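Before any comments, here is the structure.
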Amino acid sequence: MTLTLESAQEIFSGRGLPSSIPVILAEFEKLSLEDRLALLWFAYTETGRSITPAALGAASMNLIERLLNEIKGMSPSEQTKVMFDLASRADTPIGRSYGGFSANIKLGFWYQLADWMKQGIVAPAPADYRMSEEANAVFEAIKKVDGGQQIQILRDIVLNMGYKDAVTAAAAPKAQNVVFERTEAPITELFVEGVTDSAPLAYFEAMNRDDFDAAIALFEPNGALQPPFQEPIIGTDAIAAYMRSEAQGLNMRPERGITEYSTDGFKKLKITGKVQTPWFGVNVAMNIAWRFALTPEGKIFFVAIDMLASPEELLNLRPPSYK
Ligand code: ECH
């Protein structure tokens, strides 16, 4: 039996705690628009996760400067309407532009608005707004998960805002990747307990240098990468494009791993560790698992990236029968 994409997706799966993120996101979707925006404001300003603005290369925001200035020049009620329209995914010119932004541009857009809201330049969240009971329950659930999961929730919500259809997606400008300037030296000379295979180690080192060509060279041509809560991205061209847009400036600190062998010569590795996003730098360490399938020649056939449900999961490497 040889490994397929479907069977690779199953490796080491079902051995961890289920994530509460999809549940929280589904509950969030049921809230009124007022509640959603208020909740985001509280989650962003009160959970104490601070964004490191230095990470955001000045050049990148030029791409949306016109749009941001347009919003800045609006009356407070028009500004509020823009935010409501984005949250409700309304078909408006701004909603369409936003729908075509890359992930980091969407985050940068809201980062700028949040900053202007704090300064009173853009209509702030009404200070006396009282969230519904349901919204409070979602907020409490968000407070209970760790920092890495909190920022993942914020990111998912921001990515799903705005108007999106096939036409908008196809017309989206391709070259609008945010350039993150590394504020800290990338992590090098990794020692990963229990892992001696060169492909995963070379993968982490290349990713920590933003050397995506080197990372891609480690994959099988029809290899696949599956980001957290997403479908796999198949083929080295698609993975390269994804990495250039989404994986810049990440610091990966894999800590330990286990290997399982298949009869067909494939190797399966599960490696856990921490990842920092340039948005939050050292302020937030995400607990991550990578599940690799390597071909008999040592190429990466598949890698899934999972956001772990709790820090204890970092040590949860043994198959159930070993416990
Ligand atoms: C305000 C109120 C009104 C509404 C809104 C507001 C603003 C909200 C703002 C939110 C900003 C949120 C941000 C979140 C950033 C999250 C980043 C995350 C990154 C995770 C990356 C991972 C990487 C994994 C990978 C690995 C690989 O090996 C391969 C590649 C890859 C308050 C105005 C909306 C401003 C900035 C969670 C896990 C490890 C798959 C990429």
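Chains: A, B, ... in order of the structure tokens. Residues: from 1 per chain. Ligands: from 1, in order shown.
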Using only C-alpha atoms and all ligand atoms, tabulate the residues of chain A lying at most 6 Å from any atom of ligand 1, each with its closest atom pair and that distance in Å to one decimal, by chain and increasing residue number, as a Markdown table.
| residue | atom | partner | partner_atom_place_in_ligand_line | distance |
| --- | --- | --- | --- | --- |
| A:Leu37 | CA | ligand 1 | 3 (C) | 4.9 |
| A:Leu40 | CA | ligand 1 | 2 (C) | 4.9 |
| A:Trp41 | CA | ligand 1 | 32 (C) | 3.9 |
| A:Tyr44 | CA | ligand 1 | 32 (C) | 5.0 |
| A:Leu107 | CA | ligand 1 | 36 (C) | 5.2 |
| A:Trp110 | CA | ligand 1 | 35 (C) | 4.4 |
| A:Tyr111 | CA | ligand 1 | 35 (C) | 3.7 |
| A:Leu113 | CA | ligand 1 | 33 (C) | 5.5 |
| A:Ala114 | CA | ligand 1 | 33 (C) | 3.8 |
| A:Ile151 | CA | ligand 1 | 16 (C) | 4.6 |
| A:Gln152 | CA | ligand 1 | 37 (C) | 3.6 |
| A:Leu154 | CA | ligand 1 | 12 (C) | 5.1 |
| A:Arg155 | CA | ligand 1 | 14 (C) | 4.4 |
| A:Val158 | CA | ligand 1 | 34 (C) | 5.3 |
| A:Pro227 | CA | ligand 1 | 40 (C) | 4.1 |
| A:Glu246 | CA | ligand 1 | 41 (C) | 5.3 |
| A:Ala247 | CA | ligand 1 | 41 (C) | 4.4 |
| A:Thr277 | CA | ligand 1 | 19 (C) | 5.3 |
| A:Trp279 | CA | ligand 1 | 36 (C) | 5.4 |
| A:Ile305 | CA | ligand 1 | 40 (C) | 5.9 |
Store the residues picked out above, limited to C-alpha atoms, as a PDB file, in the first residue's frame.
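Written out: result_24.pdb:
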ATOM      1  CA  LEU A  37     -17.536  44.317  16.561  1.00  0.00           C
ATOM      2  CA  LEU A  40     -13.497  42.032  18.665  1.00  0.00           C
ATOM      3  CA  TRP A  41     -12.649  45.367  20.222  1.00  0.00           C
ATOM      4  CA  TYR A  44      -8.132  42.883  20.773  1.00  0.00           C
ATOM      5  CA  LEU A 107      -4.693  42.175   9.360  1.00  0.00           C
ATOM      6  CA  TRP A 110      -7.525  46.441  10.938  1.00  0.00           C
ATOM      7  CA  TYR A 111      -4.328  47.045  12.859  1.00  0.00           C
ATOM      8  CA  LEU A 113      -7.981  51.154  12.126  1.00  0.00           C
ATOM      9  CA  ALA A 114      -7.588  49.883  15.701  1.00  0.00           C
ATOM     10  CA  ILE A 151      -4.760  35.298  17.924  1.00  0.00           C
ATOM     11  CA  GLN A 152      -5.743  32.440  15.602  1.00  0.00           C
ATOM     12  CA  LEU A 154      -8.900  36.946  15.663  1.00  0.00           C
ATOM     13  CA  ARG A 155      -7.091  36.120  12.441  1.00  0.00           C
ATOM     14  CA  VAL A 158     -10.559  39.106  10.077  1.00  0.00           C
ATOM     15  CA  PRO A 227      -2.187  24.747   7.222  1.00  0.00           C
ATOM     16  CA  GLU A 246       1.662  33.660   4.585  1.00  0.00           C
ATOM     17  CA  ALA A 247       4.849  32.332   6.077  1.00  0.00           C
ATOM     18  CA  THR A 277       4.303  35.124  14.155  1.00  0.00           C
ATOM     19  CA  TRP A 279       2.723  40.186  14.273  1.00  0.00           C
ATOM     20  CA  ILE A 305       0.406  22.071  10.674  1.00  0.00           C
TER      21      ILE A 305
END
Could you build a table of the residues in stretch 60-125 of chain A lying no more than 9 Å from stretch 27-34 of chain A, giving for each the nearest pair of atoms and their separation in Å rounded to one decimal place, using only C-alpha atoms, ordered by chain and ascending residue number, as JSON lines?
{"residue": "A:Phe84", "atom": "CA", "partner": "A:Leu33", "partner_atom": "CA", "distance": 6.5}
{"residue": "A:Ala87", "atom": "CA", "partner": "A:Leu33", "partner_atom": "CA", "distance": 6.7}
{"residue": "A:Ser88", "atom": "CA", "partner": "A:Leu33", "partner_atom": "CA", "distance": 7.0}
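The space between atom CA of A:Glu297 and atom CA of A:Arg244 spans 26.2 Å.
Interatomic distance, atom CA of A:Lys144 to atom CA of A:Leu308: 14.1 Å.
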Please identify all polymer residues within 9 Å of A:Thr188, counting only C-alpha atoms, omitting same-chain residues fewer than 5 positions from it, and present them as a PyMOL selection string.
-> chain A and resi 204-205+208-209
Pick from A:Glu134, A:Glu260, A:Glu313, A:Glu10 nearest to A:Gly194, counting only C-alpha atoms =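 Of A:Glu134, A:Glu260, A:Glu313, A:Glu10, the one nearest A:Gly194, counting only C-alpha atoms, is A:Glu260.
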Considering only C-alpha atoms, state which residue in the set A:Leu294, A:Ala224, A:Ala240, A:Leu201 is at the smallest distance from A:Arg253.
-> A:Leu201
